[in-house]
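As provided, run_11.txt (compact mmCIF, C-alpha atoms and all ligand atoms) reads as follows.
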# COMPACT_ATOMS: atom_id res chain seq x y z
CA MET V 635 14.88 -16.02 -13.15
CA LYS V 636 14.53 -13.94 -9.99
CA ASN V 637 13.17 -15.67 -6.95
CA MET V 638 12.13 -15.10 -3.38
CA VAL V 639 11.94 -16.85 -0.03
CA VAL V 640 9.15 -16.20 2.49
CA LEU V 641 9.58 -16.50 6.26
CA ILE V 642 6.47 -17.33 8.28
CA SER V 643 5.51 -18.29 11.82
CA GLY V 644 1.86 -19.26 11.54
CA ARG V 645 -1.17 -19.12 9.27
CA GLY V 646 0.72 -17.85 6.26
CA SER V 647 -2.10 -16.03 4.51
CA ASN V 648 0.27 -13.31 3.29
CA MET V 649 2.63 -15.98 1.93
CA GLN V 650 -0.38 -17.53 0.19
CA ALA V 651 -1.29 -14.16 -1.33
CA LEU V 652 2.26 -13.85 -2.69
CA VAL V 653 2.10 -17.33 -4.23
CA GLU V 654 -1.36 -16.78 -5.70
CA ALA V 655 -0.26 -13.50 -7.23
CA GLY V 656 2.24 -15.54 -9.26
CA LEU V 657 5.36 -14.37 -7.47
CA PRO V 658 8.37 -16.73 -7.74
CA VAL V 659 8.32 -18.14 -4.19
CA LYS V 660 11.02 -20.86 -4.19
CA GLY V 661 11.03 -21.59 -0.49
CA VAL V 662 8.99 -21.07 2.66
CA ILE V 663 10.79 -21.20 6.00
CA SER V 664 9.09 -21.27 9.40
CA ASN V 665 10.49 -20.97 12.90
CA ARG V 666 7.56 -23.09 14.10
CA ALA V 667 7.00 -26.69 13.00
CA ASP V 668 3.23 -26.29 13.49
CA ALA V 669 2.83 -23.27 11.20
CA ALA V 670 -0.29 -23.89 9.10
CA GLY V 671 1.28 -22.11 6.13
CA LEU V 672 3.79 -24.95 5.66
CA GLU V 673 1.03 -27.29 4.52
CA TYR V 674 -0.24 -24.83 1.97
CA ALA V 675 3.29 -24.35 0.60
CA SER V 676 4.13 -28.04 0.29
CA GLY V 677 0.72 -28.62 -1.30
CA ARG V 678 1.76 -26.16 -3.96
CA GLY V 679 5.06 -27.96 -4.52
CA ILE V 680 7.11 -25.25 -2.81
CA ALA V 681 10.15 -26.31 -0.79
CA THR V 682 9.72 -25.82 2.95
CA ALA V 683 12.11 -25.74 5.87
CA ILE V 684 11.76 -25.44 9.63
CA VAL V 685 14.36 -23.62 11.69
CA SER V 686 13.06 -23.72 15.24
CA HIS V 687 14.24 -20.86 17.45
CA ARG V 688 13.84 -23.21 20.40
CA ASP V 689 16.82 -25.24 19.17
CA TYR V 690 19.15 -22.28 19.70
CA ALA V 691 20.18 -20.68 22.97
CA ALA V 692 21.12 -17.33 21.44
CA ARG V 693 19.47 -15.16 18.78
CA GLU V 694 22.74 -15.00 16.85
CA ALA V 695 22.84 -18.80 16.55
CA PHE V 696 19.21 -18.98 15.42
CA ASP V 697 19.78 -16.25 12.86
CA ALA V 698 22.88 -18.03 11.53
CA ALA V 699 20.87 -21.24 11.02
CA LEU V 700 18.09 -19.25 9.38
CA ALA V 701 20.59 -17.59 7.04
CA LEU V 702 21.98 -21.00 6.01
CA ALA V 703 18.47 -22.20 5.13
CA ILE V 704 17.75 -19.01 3.18
CA ASP V 705 21.04 -19.00 1.29
CA GLY V 706 20.34 -22.49 -0.03
CA PHE V 707 17.72 -20.83 -2.24
CA GLN V 708 19.98 -17.95 -3.35
CA PRO V 709 16.99 -15.61 -3.24
CA ASP V 710 16.87 -12.12 -4.70
CA LEU V 711 14.29 -11.17 -2.07
CA VAL V 712 13.48 -12.38 1.44
CA ALA V 713 9.96 -11.53 2.63
CA LEU V 714 8.86 -11.70 6.27
CA ALA V 715 5.17 -12.60 6.32
CA GLY V 716 3.82 -12.90 9.83
CA PHE V 717 7.32 -13.86 10.97
CA MET V 718 7.42 -13.39 14.74
CA ARG V 719 11.11 -13.38 15.72
CA ILE V 720 13.09 -10.18 16.03
CA LEU V 721 16.21 -10.47 13.86
CA THR V 722 19.75 -9.51 14.88
CA ALA V 723 21.54 -6.60 13.25
CA GLY V 724 24.01 -9.04 11.67
CA PHE V 725 21.22 -10.95 9.96
CA VAL V 726 19.55 -7.76 8.75
CA GLN V 727 22.85 -6.49 7.32
CA ARG V 728 23.41 -9.73 5.41
CA TYR V 729 20.12 -9.19 3.54
CA GLN V 730 20.28 -5.42 3.46
CA ASP V 731 18.03 -3.83 0.84
CA ARG V 732 16.47 -7.19 -0.10
CA LEU V 733 14.52 -7.91 3.10
CA LEU V 734 10.86 -6.81 3.28
CA ASN V 735 8.25 -7.03 6.04
CA ILE V 736 4.50 -6.50 6.15
CA HIS V 737 3.44 -4.84 9.38
CA PRO V 738 -0.19 -4.49 10.48
CA SER V 739 -0.28 -0.75 11.23
CA LEU V 740 0.31 2.56 9.53
CA LEU V 741 3.94 2.96 10.60
CA PRO V 742 5.45 4.84 12.36
CA ALA V 743 2.33 4.39 14.49
CA PHE V 744 2.21 1.16 16.51
CA PRO V 745 5.47 -0.65 15.84
CA GLY V 746 5.77 -4.03 17.58
CA LEU V 747 2.98 -6.41 18.55
CA ASP V 748 -0.79 -6.17 19.29
CA THR V 749 -1.24 -3.37 16.80
CA HIS V 750 -5.01 -3.70 16.34
CA ALA V 751 -5.77 -3.61 20.08
CA ARG V 752 -3.46 -0.62 20.46
CA ALA V 753 -5.07 1.20 17.54
CA LEU V 754 -8.53 0.67 19.08
CA ALA V 755 -7.32 1.80 22.51
CA ALA V 756 -5.78 4.94 20.98
CA GLY V 757 -9.03 5.76 19.19
CA VAL V 758 -7.41 6.32 15.81
CA LYS V 759 -9.91 6.68 12.95
CA LEU V 760 -7.58 5.35 10.27
CA HIS V 761 -5.52 2.18 10.60
CA GLY V 762 -3.88 -0.07 8.06
CA CYS V 763 -0.72 -1.84 7.03
CA THR V 764 2.76 -1.08 5.80
CA VAL V 765 5.31 -2.88 3.65
CA HIS V 766 8.79 -1.74 4.63
CA PHE V 767 12.41 -2.68 4.17
CA VAL V 768 13.77 -4.28 7.34
CA THR V 769 16.47 -2.44 9.26
CA PRO V 770 17.99 -3.35 12.63
CA GLU V 771 15.56 -1.03 14.42
CA LEU V 772 12.24 -2.87 14.68
CA ASP V 773 9.54 -1.69 12.26
CA HIS V 774 11.47 1.47 11.35
CA GLY V 775 12.77 0.70 7.86
CA PRO V 776 12.02 2.61 4.63
CA ILE V 777 8.33 2.45 3.70
CA VAL V 778 7.42 0.96 0.31
CA VAL V 779 3.62 1.12 0.32
CA GLN V 780 0.78 1.62 2.81
CA ALA V 781 -2.93 0.87 2.79
CA ALA V 782 -5.35 2.70 5.07
CA VAL V 783 -8.70 1.43 6.29
CA PRO V 784 -11.32 3.14 8.45
CA VAL V 785 -11.75 2.26 12.12
CA LEU V 786 -15.51 2.04 12.62
CA ALA V 787 -17.44 2.76 15.80
CA HIS V 788 -18.24 -0.81 16.76
CA ASP V 789 -15.05 -2.51 15.62
CA ASP V 790 -13.40 -5.09 17.78
CA GLU V 791 -9.90 -6.46 17.29
CA THR V 792 -11.10 -9.37 15.15
CA VAL V 793 -13.09 -7.37 12.65
CA LEU V 794 -10.44 -4.67 12.42
CA ALA V 795 -7.65 -7.22 11.90
CA ALA V 796 -9.63 -8.83 9.09
CA ARG V 797 -10.22 -5.48 7.40
CA VAL V 798 -6.49 -4.74 7.53
CA LEU V 799 -5.48 -8.26 6.45
CA ALA V 800 -7.51 -7.97 3.24
CA GLN V 801 -5.35 -4.96 2.33
CA GLU V 802 -2.14 -6.72 3.35
CA HIS V 803 -3.00 -9.31 0.73
CA ARG V 804 -3.17 -6.56 -1.89
CA ILE V 805 -0.12 -4.47 -1.07
CA TYR V 806 2.42 -7.18 -0.26
CA PRO V 807 2.30 -8.87 -3.68
CA GLN V 808 2.43 -5.43 -5.28
CA ALA V 809 5.53 -4.44 -3.30
CA ALA V 810 7.28 -7.76 -3.98
CA ARG V 811 6.58 -7.42 -7.69
CA TRP V 812 7.99 -3.89 -7.76
CA PHE V 813 11.09 -5.13 -5.96
CA LEU V 814 11.70 -8.09 -8.29
CA ASP V 815 11.08 -5.88 -11.32
CA GLY V 816 13.85 -3.58 -10.08
CA LYS V 817 11.46 -0.65 -9.68
CA LEU V 818 12.24 0.29 -6.06
CA VAL V 819 14.80 2.96 -5.21
CA ILE V 820 15.75 3.84 -1.62
CA ASP V 821 16.84 7.47 -1.49
CA ASN V 822 17.90 8.72 1.94
CA GLY V 823 15.47 6.37 3.67
CA VAL V 824 12.61 7.23 1.32
CA VAL V 825 11.39 4.61 -1.15
CA ARG V 826 10.30 5.62 -4.64
CA VAL V 827 8.82 3.37 -7.35
CA ASN V 828 10.02 3.89 -10.89
CA GLY V 829 7.07 4.47 -13.20
CA ASP V 830 3.60 5.70 -12.36
CA HIS V 831 2.66 3.56 -9.36
CA PRO V 832 0.73 4.86 -6.33
CA GLN V 833 2.39 3.93 -3.03
CA GLN V 834 -0.81 4.33 -1.03
CA LEU V 835 -4.25 2.86 -1.01
CA TYR V 836 -7.40 3.79 0.87
CA ALA V 837 -9.94 1.03 1.25
CA PRO V 838 -13.11 2.49 2.82
N1 LIG F 901 13.78 -7.65 12.90
C1 LIG F 901 14.38 -6.47 12.74
N2 LIG F 901 15.67 -6.39 13.07
N3 LIG F 901 13.73 -5.38 12.25
C2 LIG F 901 12.44 -5.47 11.92
O1 LIG F 901 11.83 -4.39 11.44
C3 LIG F 901 11.73 -6.68 12.10
C4 LIG F 901 12.46 -7.78 12.59
C5 LIG F 901 11.82 -9.01 12.81
C6 LIG F 901 10.48 -9.15 12.56
C7 LIG F 901 8.25 -8.21 11.98
C8 LIG F 901 7.60 -7.42 13.15
C9 LIG F 901 6.19 -6.97 12.83
O2 LIG F 901 5.86 -6.75 11.67
C10 LIG F 901 9.74 -8.05 12.11
C11 LIG F 901 10.36 -6.83 11.84
C12 LIG F 901 8.18 -9.86 16.00
C13 LIG F 901 8.20 -9.03 17.11
C14 LIG F 901 8.46 -9.56 18.49
O3 LIG F 901 8.35 -8.83 19.46
C15 LIG F 901 7.99 -7.67 16.89
C16 LIG F 901 7.79 -7.19 15.62
C17 LIG F 901 7.79 -8.03 14.51
C18 LIG F 901 7.98 -9.38 14.72
N4 LIG F 901 8.83 -10.86 18.64
C19 LIG F 901 9.15 -11.53 19.90
C20 LIG F 901 10.68 -11.77 20.00
O4 LIG F 901 11.14 -11.85 21.14
C21 LIG F 901 8.51 -12.88 19.99
C22 LIG F 901 7.02 -12.83 19.89
C23 LIG F 901 6.40 -14.20 19.64
O5 LIG F 901 7.12 -15.18 19.38
O6 LIG F 901 5.15 -14.26 19.61
O7 LIG F 901 11.36 -11.96 18.97
O8 LIG F 901 5.40 -6.74 13.78
C1 LIG F 902 -0.46 -10.38 9.55
O1 LIG F 902 -1.47 -9.48 9.92
C2 LIG F 902 0.89 -9.70 9.61
O2 LIG F 902 0.88 -8.37 9.19
C3 LIG F 902 1.18 -9.78 11.08
O3 LIG F 902 0.68 -11.02 11.51
C4 LIG F 902 -0.31 -11.49 10.59
C5 LIG F 902 0.19 -12.77 9.98
O4 LIG F 902 -0.82 -13.38 9.21
N1 LIG F 902 2.57 -9.69 11.34
C6 LIG F 902 3.05 -9.42 12.53
O5 LIG F 902 2.35 -9.11 13.46
C7 LIG F 902 4.54 -9.54 12.64
N2 LIG F 902 4.93 -9.33 13.99
P1 LIG F 902 -0.45 -14.47 8.13
O6 LIG F 902 0.44 -15.49 8.81
O7 LIG F 902 -1.78 -15.06 7.76
O8 LIG F 902 0.23 -13.80 6.98
Would it be possible to restate this file's structure as structure tokens?
Amino acid sequence: MKNMVVLISGRGSNMQALVEAGLPVKGVISNRADAAGLEYASGRGIATAIVSHRDYAAREAFDAALALAIDGFQPDLVALAGFMRILTAGFVQRYQDRLLNIHPSLLPAFPGLDTHARALAAGVKLHGCTVHFVTPELDHGPIVVQAAVPVLAHDDETVLAARVLAQEHRIYPQAARWFLDGKLVIDNGVVRVNGDHPQQLYAP
């Protein structure tokens, strides 16, 4: 049976969406002991682990400890879900082509943090979220699926973030399922899905 591990840092609503979609989440690992998502996972009988970045002086040492925790599960897929630590190139290479992230913007627009505030400040009329393979360059990996939402005249960060998050909860389970079903092909940095599956969604 294929299985996956999810890395979180906080609330864990994307992790919860993966679990509730029936995906085989065998472990949930957080870099923060106070991540609310850990309680949800243990309540569902899922193994949890905490690898605190504060216990390590260097990113390489943190990433090595994280890799040890992950490898205990022998996962086919590792999914970052609101995971807030930038990963070293060595870590990314170890999980190459089986490491996914959900990012709250329509990449390549707004890589990095504070995406909703930046989208509002830029005045974009479409915003959204992206599931991508993780590469050493932050938020630049091959794109699996994107969902677009409108940016409405009176939006603030909170309402816009919630509109995007609802779509994150749709596309991340879809992408993880495609991956575990062996349907994803990366061809020169471009991801295709075998079969007739749309890789975009517009949620007006
Ligand atoms: N690592 C690599 N190498 N490549 C990616 O594409 C990654 C990654 C690690 C995380 C998620 C990403 C996002 O979706 C992600 C993608 C954290 C930061 C960040 O600046 C930026 C982007 C993402 C995650 N983190 C700060 C750091 O110093 C800490 C911020 C904090 O703790 O609040 O690591 O947006
Ligand atoms: C989500 O919107 C996710 O896309 C974003 O943080 C939120 C986490 O929510 N991720 C990042 O910003 C990564 N830097 P969740 O913990 O409820 O899934």
- Task: Check which residues fall inside 9 Å of ligand LIG 902 (chain F) when counting all atoms listed in the file, and print them as a PyMOL selection string.
- Result: chain V and resi 642-651+669-671+714-720+735-739+745-749+763-765+795-796+798-799+802-803
- Query: Just how far from CA of Ile820 in chain V is CA of Ala701 in chain V, in Å to one decimal?
  - Reply: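 Here the two named atoms are 23.6 Å from each other.
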Box along x, y and z, 6 Å on every side, all listed atoms of ligand LIG 901 (chain F) inside: centre and edge lengths in Å to one decimal, as JSON.
{"center_x": 10.4, "center_y": -9.8, "center_z": 16.3, "size_x": 22.5, "size_y": 22.8, "size_z": 21.7}
- Message: Need the shell around Gln708 in chain V: protein/DNA/RNA residues with any atom at most 10 Å away, counting only C-alpha atoms. Skip same-chain ones fewer than 5 positions apart. Format as number ranges by chain?
- Response: V: 636-639, 660, 703
- Message: I'd like the contact shell of Gly823 in chain V - 12 Å cut-off, all atoms listed in the file, skipping same-chain residues fewer than 5 positions apart - returned as a list in words.
- Response: Asp731, His766, Phe767, Val768, Thr769, His774, Gly775, Pro776, Ile777, Val778 and Leu818 of chain V
Can I get the selection written as a PDB file, in the coordinates of the input, with C-alpha atoms?
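Everything below was put into out-v4.pdb:
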ATOM      1  CA  ASP V 731      18.030  -3.830   0.840  1.00  0.00           C
ATOM      2  CA  HIS V 766       8.790  -1.740   4.630  1.00  0.00           C
ATOM      3  CA  PHE V 767      12.410  -2.680   4.170  1.00  0.00           C
ATOM      4  CA  VAL V 768      13.770  -4.280   7.340  1.00  0.00           C
ATOM      5  CA  THR V 769      16.470  -2.440   9.260  1.00  0.00           C
ATOM      6  CA  HIS V 774      11.470   1.470  11.350  1.00  0.00           C
ATOM      7  CA  GLY V 775      12.770   0.700   7.860  1.00  0.00           C
ATOM      8  CA  PRO V 776      12.020   2.610   4.630  1.00  0.00           C
ATOM      9  CA  ILE V 777       8.330   2.450   3.700  1.00  0.00           C
ATOM     10  CA  VAL V 778       7.420   0.960   0.310  1.00  0.00           C
ATOM     11  CA  LEU V 818      12.240   0.290  -6.060  1.00  0.00           C
TER      12      LEU V 818
END
- Message: Measuring between only C-alpha atoms and all ligand atoms, which one of V:Gln834, V:Ser676, V:Asn822, V:Ser686 shows the shortest distance to ligand LIG 901 (chain F)?
- Response: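 Of all the options, V:Ser686 lies closest to ligand LIG 901 (chain F).
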- Message: From the options V:Asp789, V:Glu654, V:Asp668, V:Asp821, which residue's atoms come nearest to His761 in chain V, counting only C-alpha atoms?
- Response: V:Asp789
Near Lys817 in chain V, counting only C-alpha atoms, which residues have an atom at most 10 Å away, once you skip same-chain residues fewer than 4 positions from it, shown as a PDB file with C-alpha atoms, in the frame of the given file?
ATOM      1  CA  ALA V 809       5.530  -4.440  -3.300  1.00  0.00           C
ATOM      2  CA  ARG V 811       6.580  -7.420  -7.690  1.00  0.00           C
ATOM      3  CA  TRP V 812       7.990  -3.890  -7.760  1.00  0.00           C
ATOM      4  CA  PHE V 813      11.090  -5.130  -5.960  1.00  0.00           C
ATOM      5  CA  ARG V 826      10.300   5.620  -4.640  1.00  0.00           C
ATOM      6  CA  VAL V 827       8.820   3.370  -7.350  1.00  0.00           C
ATOM      7  CA  ASN V 828      10.020   3.890 -10.890  1.00  0.00           C
ATOM      8  CA  GLY V 829       7.070   4.470 -13.200  1.00  0.00           C
ATOM      9  CA  HIS V 831       2.660   3.560  -9.360  1.00  0.00           C
TER      10      HIS V 831
END
- Task: With a distance cut-off of 10 Å and only C-alpha atoms, select the neighbouring residues of Ala681 in chain V, excluding the residue or stretch itself and same-chain residues fewer than 2 positions from it, and output the selection as an NGL selection string.
- Result: :V and (639 or 659-663 or 672 or 675-679 or 683 or 707)
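The gap separating atom O3 of ligand LIG 901 (chain F) from CA of Val819 in chain V is 28.1 Å, in Å to one decimal.
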